[in-house]
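**Student:** One structure coming up, written as structure tokens, with questions to follow.
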Amino acid sequence: MLNQLLHKKQHLALIGLGYVGLPIALEFARFMSVIGFDINDQRVQMMKKSIDPCKELSSEAFNNTMIAFTSNPEDLRKASFFIVAVPTPINEYNQPNLKPLISASITVGKALKKGDYVVYESTVYPGCTEEDCIPVLEQESGLKCGTDFKVGYSPERINPGDKVHTLTNTKKIVSGCDADSLEVIASVYEQVITAGVHRATSIKVAEAGKIIENTQRDVNIALMNELSIIFNRMGINTYDVIEAAGTKWNFLKFYPGLVGGHCIGVDPYYLVHKAKQLGYHAHLIDAGRFVNDSMGGYIAKQAVKRILAADKHLSESRILVMGFTFKENVSDIRNTKVADIINELQSYRVQVDLVDPYADADEVKHEYGIELNIQPQGTYDAIIVAVAHRQYRKMSEQDFLKLANETCLLVDIKGLYSNQIEKLEYWSL
């Protein structure tokens with residue numbers, strides 16, 4: 001299979017061209033013929049013009065690649081090695097939403113032939129590939145997994161906005177449905193992953209390895225968030241505490257904050273779901289999710305309390321929120337918890353203005369019903385710096401004073417200006 005791919009006798013297909021799929025597709029396309037498939041034809045047309053709809057990759061990333069972008073499922077019949085990298089979100093009840101994954105499996109199943117390979121990269125609970133995806137592939141293709149075609153799982157580890165830990169220099173977990181498929185899948189990925197691959201002992205192990213990466217981080221941040229609530233009542237700054245504790249060699253420096261996005265704020269729910277199916281309630285993981293999901297409302301309430309303490313009427317107060325994306329220096333607004341802050345503030349009839357140098361105004365309005373301003377409008381009774389964009393890191397107290405009313409409150413969620421603010425009222429997690 002590897003030789004056929006490298007000699008362009010076979011095609012590799014990438015299904016789902018978002019933050020994960022497009023970088024993988026372009027990297028493989030430097031060595032072999034790739035079919036890039038996405039159901040959104042508008043996005044496909046942009047990529048045909050060397051434009052990344054996610055705004056993560058420059059046009060140069062498309063240079064010297066052998067890739068055909070398409071939204072036509074029939075084009076997938078030319079492929080023999082399929083990589084599925086579609087989203088795995090949660091629904092309004094925090095339950096796994098496998099619709100994109102099952103839909104992609106149906107599409108791939110219709111194109112499957114004997115001897116083909118299918119590798120899933122989407123983050124799922126252990127057992128999902130074998131219990132949910134393979135039956136769909138078999139039903140749609142009329143073929144038998146392990147005999148007629150092979151399946152593997154290799155979880156994505158792409159970190160949006162991170163230019164240091166990239167796709168190629170981050171070790172890749174790979175797995176297969178049997179020993180032979182594991183070696184073939186590993187050899188294919190080794191063509192593009194310079195850091196090498198880790199051969200997991202089974203597909204379930206690979207699935208579990210991925211999901212606990214984000215679950216571990218989620219629980220650790222939840223601990224810091226809970227500590228910040230306690231320290232706030234004590235009148236001490238959490239970032240000062242972490243700096244002091246961090247002088248010991250084995251202290252892990254996690255920080256409080258909003259936990260949104262399509263990974264850390266979602267993946268633990270997949271593990272909680274699977275645990276419930278097995279008759280176990282994941283107390284610690286569930287508690288961590290509760291703490292982190294409640295932080296937006298908590299931050300808003302703290303701002304409201306301080307505005308009231310300054311003898312200001314909430315209905316006459318104006319608050320500026322700076323930053324809306326789920327993390328710094330990216331345009332991704334999926335599952336952003338800044339929306340929770342704004343919604344909570346608006347429930348108190350406070351006027352809220354929002355700015356963000358990366359977010360798209362139309363997308364923010366469509367997804368959240370919130371207006372995004374180009375620039376701040378006038379002066380404010382409170383300024384909430386919600387996302388640590390590089391533009392905001394460069395700001396000084398003098399910059400904030402230009403936007404401030406008398407007795408203005410500066411809420412610094414990320415602790416960017418700790419011990420630097422003298423004239424404004426300052427509060428941080």
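Scheme for the structure tokens: letters A, B, ... for chains in order shown; per-chain residue numbers from 1; ligand numbers from 1 in order shown.
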Report as CSV the residues of region 206-306 of chain A within 6 Å of region 338-355 of chain A, each with its shortest atom pair and distance in Å (one decimal), using only C-alpha atoms, ordered by chain and increasing residue number.
**Tutor:**
residue,atom,partner,partner_atom,distance
A:Gly296,CA,A:Ile341,CA,4.6
A:Gly297,CA,A:Ile341,CA,5.6
A:Ala300,CA,A:Ile341,CA,5.2
**Student:** If we count only C-alpha atoms and set the cut-off at 7 Å, which residues sit around region 72-82 of chain A, ignoring sequence neighbours fewer than 6 positions away in its own chain? Please answer as a PyMOL selection string.
**Tutor:** chain A and resi 10-14+107+111+116-119
**Student:** For the residues in that selection, give me N, CA and C atoms as a PDB file, in the first residue's frame.
**Tutor:**
ATOM      1  N   GLN A  10      -1.974   4.634  -6.253  1.00  0.00           N
ATOM      2  CA  GLN A  10      -3.164   4.693  -5.419  1.00  0.00           C
ATOM      3  C   GLN A  10      -3.302   6.101  -4.861  1.00  0.00           C
ATOM      4  N   HIS A  11      -4.549   6.455  -4.462  1.00  0.00           N
ATOM      5  CA  HIS A  11      -4.807   7.774  -3.898  1.00  0.00           C
ATOM      6  C   HIS A  11      -5.133   7.664  -2.412  1.00  0.00           C
ATOM      7  N   LEU A  12      -4.709   8.676  -1.667  1.00  0.00           N
ATOM      8  CA  LEU A  12      -5.106   8.823  -0.266  1.00  0.00           C
ATOM      9  C   LEU A  12      -6.206   9.864  -0.199  1.00  0.00           C
ATOM     10  N   ALA A  13      -7.258   9.591   0.547  1.00  0.00           N
ATOM     11  CA  ALA A  13      -8.375  10.534   0.673  1.00  0.00           C
ATOM     12  C   ALA A  13      -8.487  11.018   2.108  1.00  0.00           C
ATOM     13  N   LEU A  14      -8.705  12.317   2.259  1.00  0.00           N
ATOM     14  CA  LEU A  14      -8.909  12.907   3.575  1.00  0.00           C
ATOM     15  C   LEU A  14     -10.337  13.419   3.637  1.00  0.00           C
ATOM     16  N   THR A 107     -20.348   7.632   3.884  1.00  0.00           N
ATOM     17  CA  THR A 107     -19.735   8.115   2.644  1.00  0.00           C
ATOM     18  C   THR A 107     -18.536   7.262   2.248  1.00  0.00           C
ATOM     19  N   ALA A 111     -17.645   3.984  -0.910  1.00  0.00           N
ATOM     20  CA  ALA A 111     -16.502   4.043  -1.832  1.00  0.00           C
ATOM     21  C   ALA A 111     -15.499   2.917  -1.596  1.00  0.00           C
ATOM     22  N   ASP A 116      -8.706  -1.951   0.694  1.00  0.00           N
ATOM     23  CA  ASP A 116      -8.620  -0.560   1.149  1.00  0.00           C
ATOM     24  C   ASP A 116      -8.357  -0.474   2.654  1.00  0.00           C
ATOM     25  N   TYR A 117      -7.900   0.727   3.066  1.00  0.00           N
ATOM     26  CA  TYR A 117      -7.657   1.031   4.478  1.00  0.00           C
ATOM     27  C   TYR A 117      -8.489   2.250   4.882  1.00  0.00           C
ATOM     28  N   VAL A 118      -9.014   2.231   6.111  1.00  0.00           N
ATOM     29  CA  VAL A 118      -9.730   3.377   6.668  1.00  0.00           C
ATOM     30  C   VAL A 118      -9.141   3.679   8.036  1.00  0.00           C
ATOM     31  N   VAL A 119      -8.698   4.919   8.231  1.00  0.00           N
ATOM     32  CA  VAL A 119      -8.124   5.334   9.509  1.00  0.00           C
ATOM     33  C   VAL A 119      -8.935   6.518  10.041  1.00  0.00           C
TER      34      VAL A 119
END
**Student:** Nearest to Gly323 (chain A): which of A:His7, A:Arg390, A:Arg217, A:Lys274 is it, counting only C-alpha atoms?
**Tutor:** A:Arg390
**Student:** Which residue gives the smallest distance to Glu406 (chain A) among A:Ile212, A:Ile307, A:Ile102, A:Ile134, with only C-alpha atoms counted?
**Tutor:**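 Distance minimum relative to Glu406 (chain A) lands on A:Ile307.
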**Student:** Compile the contact shell of region 401-403 of chain A as a PyMOL selection string: residues with an atom at most 8 Å away, counting only C-alpha atoms, same-chain residues fewer than 5 positions apart removed.
**Tutor:** chain A and resi 376+378-380+424
**Student:** Hey, which of A:Val321, A:Leu137, A:Glu121, A:Val205 ends up closest to Ile106 (chain A)? Count only C-alpha atoms.
**Tutor:**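 Looking at the shortest contact to Ile106 (chain A), the residue is A:Leu137.
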**Student:** I'd like to know which residues of region 82-185 of chain A are strand (DSSP E) (by DSSP, run on the backbone); could you write them as a PyMOL selection string?
**Tutor:** chain A and resi 82-84+117-120+150-153+172-174
**Student:** Given the selection you just returned, output its residues as a file containing N, CA and C atoms, formatted as a PDB file, in the first residue's frame.
**Tutor:**
ATOM      1  N   PHE A  82      -8.138   5.812   3.253  1.00  0.00           N
ATOM      2  CA  PHE A  82      -9.035   6.869   3.696  1.00  0.00           C
ATOM      3  C   PHE A  82      -8.681   7.315   5.117  1.00  0.00           C
ATOM      4  N   ILE A  83      -8.630   8.618   5.332  1.00  0.00           N
ATOM      5  CA  ILE A  83      -8.444   9.174   6.680  1.00  0.00           C
ATOM      6  C   ILE A  83      -9.655  10.043   6.994  1.00  0.00           C
ATOM      7  N   VAL A  84     -10.334   9.738   8.092  1.00  0.00           N
ATOM      8  CA  VAL A  84     -11.541  10.466   8.488  1.00  0.00           C
ATOM      9  C   VAL A  84     -11.190  11.411   9.629  1.00  0.00           C
ATOM     10  N   TYR A 117      -7.900   0.727   3.066  1.00  0.00           N
ATOM     11  CA  TYR A 117      -7.657   1.031   4.478  1.00  0.00           C
ATOM     12  C   TYR A 117      -8.489   2.250   4.882  1.00  0.00           C
ATOM     13  N   VAL A 118      -9.014   2.231   6.111  1.00  0.00           N
ATOM     14  CA  VAL A 118      -9.730   3.377   6.668  1.00  0.00           C
ATOM     15  C   VAL A 118      -9.141   3.679   8.036  1.00  0.00           C
ATOM     16  N   VAL A 119      -8.698   4.919   8.231  1.00  0.00           N
ATOM     17  CA  VAL A 119      -8.124   5.334   9.509  1.00  0.00           C
ATOM     18  C   VAL A 119      -8.935   6.518  10.041  1.00  0.00           C
ATOM     19  N   TYR A 120      -9.366   6.409  11.288  1.00  0.00           N
ATOM     20  CA  TYR A 120     -10.115   7.487  11.933  1.00  0.00           C
ATOM     21  C   TYR A 120      -9.186   8.326  12.799  1.00  0.00           C
ATOM     22  N   LYS A 150      -9.152  -3.018   5.877  1.00  0.00           N
ATOM     23  CA  LYS A 150      -8.539  -2.839   7.194  1.00  0.00           C
ATOM     24  C   LYS A 150      -8.927  -1.481   7.784  1.00  0.00           C
ATOM     25  N   VAL A 151      -8.958  -1.435   9.106  1.00  0.00           N
ATOM     26  CA  VAL A 151      -9.321  -0.203   9.806  1.00  0.00           C
ATOM     27  C   VAL A 151      -8.299   0.092  10.899  1.00  0.00           C
ATOM     28  N   GLY A 152      -8.017   1.364  11.091  1.00  0.00           N
ATOM     29  CA  GLY A 152      -7.122   1.784  12.167  1.00  0.00           C
ATOM     30  C   GLY A 152      -7.611   3.062  12.806  1.00  0.00           C
ATOM     31  N   TYR A 153      -6.937   3.451  13.858  1.00  0.00           N
ATOM     32  CA  TYR A 153      -7.262   4.701  14.550  1.00  0.00           C
ATOM     33  C   TYR A 153      -5.962   5.408  14.909  1.00  0.00           C
ATOM     34  N   LYS A 172       2.990  10.672  16.779  1.00  0.00           N
ATOM     35  CA  LYS A 172       1.633  10.260  16.414  1.00  0.00           C
ATOM     36  C   LYS A 172       1.342   8.867  16.960  1.00  0.00           C
ATOM     37  N   ILE A 173       0.195   8.718  17.603  1.00  0.00           N
ATOM     38  CA  ILE A 173      -0.277   7.397  18.013  1.00  0.00           C
ATOM     39  C   ILE A 173      -0.941   6.733  16.814  1.00  0.00           C
ATOM     40  N   VAL A 174      -0.603   5.487  16.541  1.00  0.00           N
ATOM     41  CA  VAL A 174      -1.258   4.736  15.462  1.00  0.00           C
ATOM     42  C   VAL A 174      -1.709   3.381  15.995  1.00  0.00           C
TER      43      VAL A 174
END
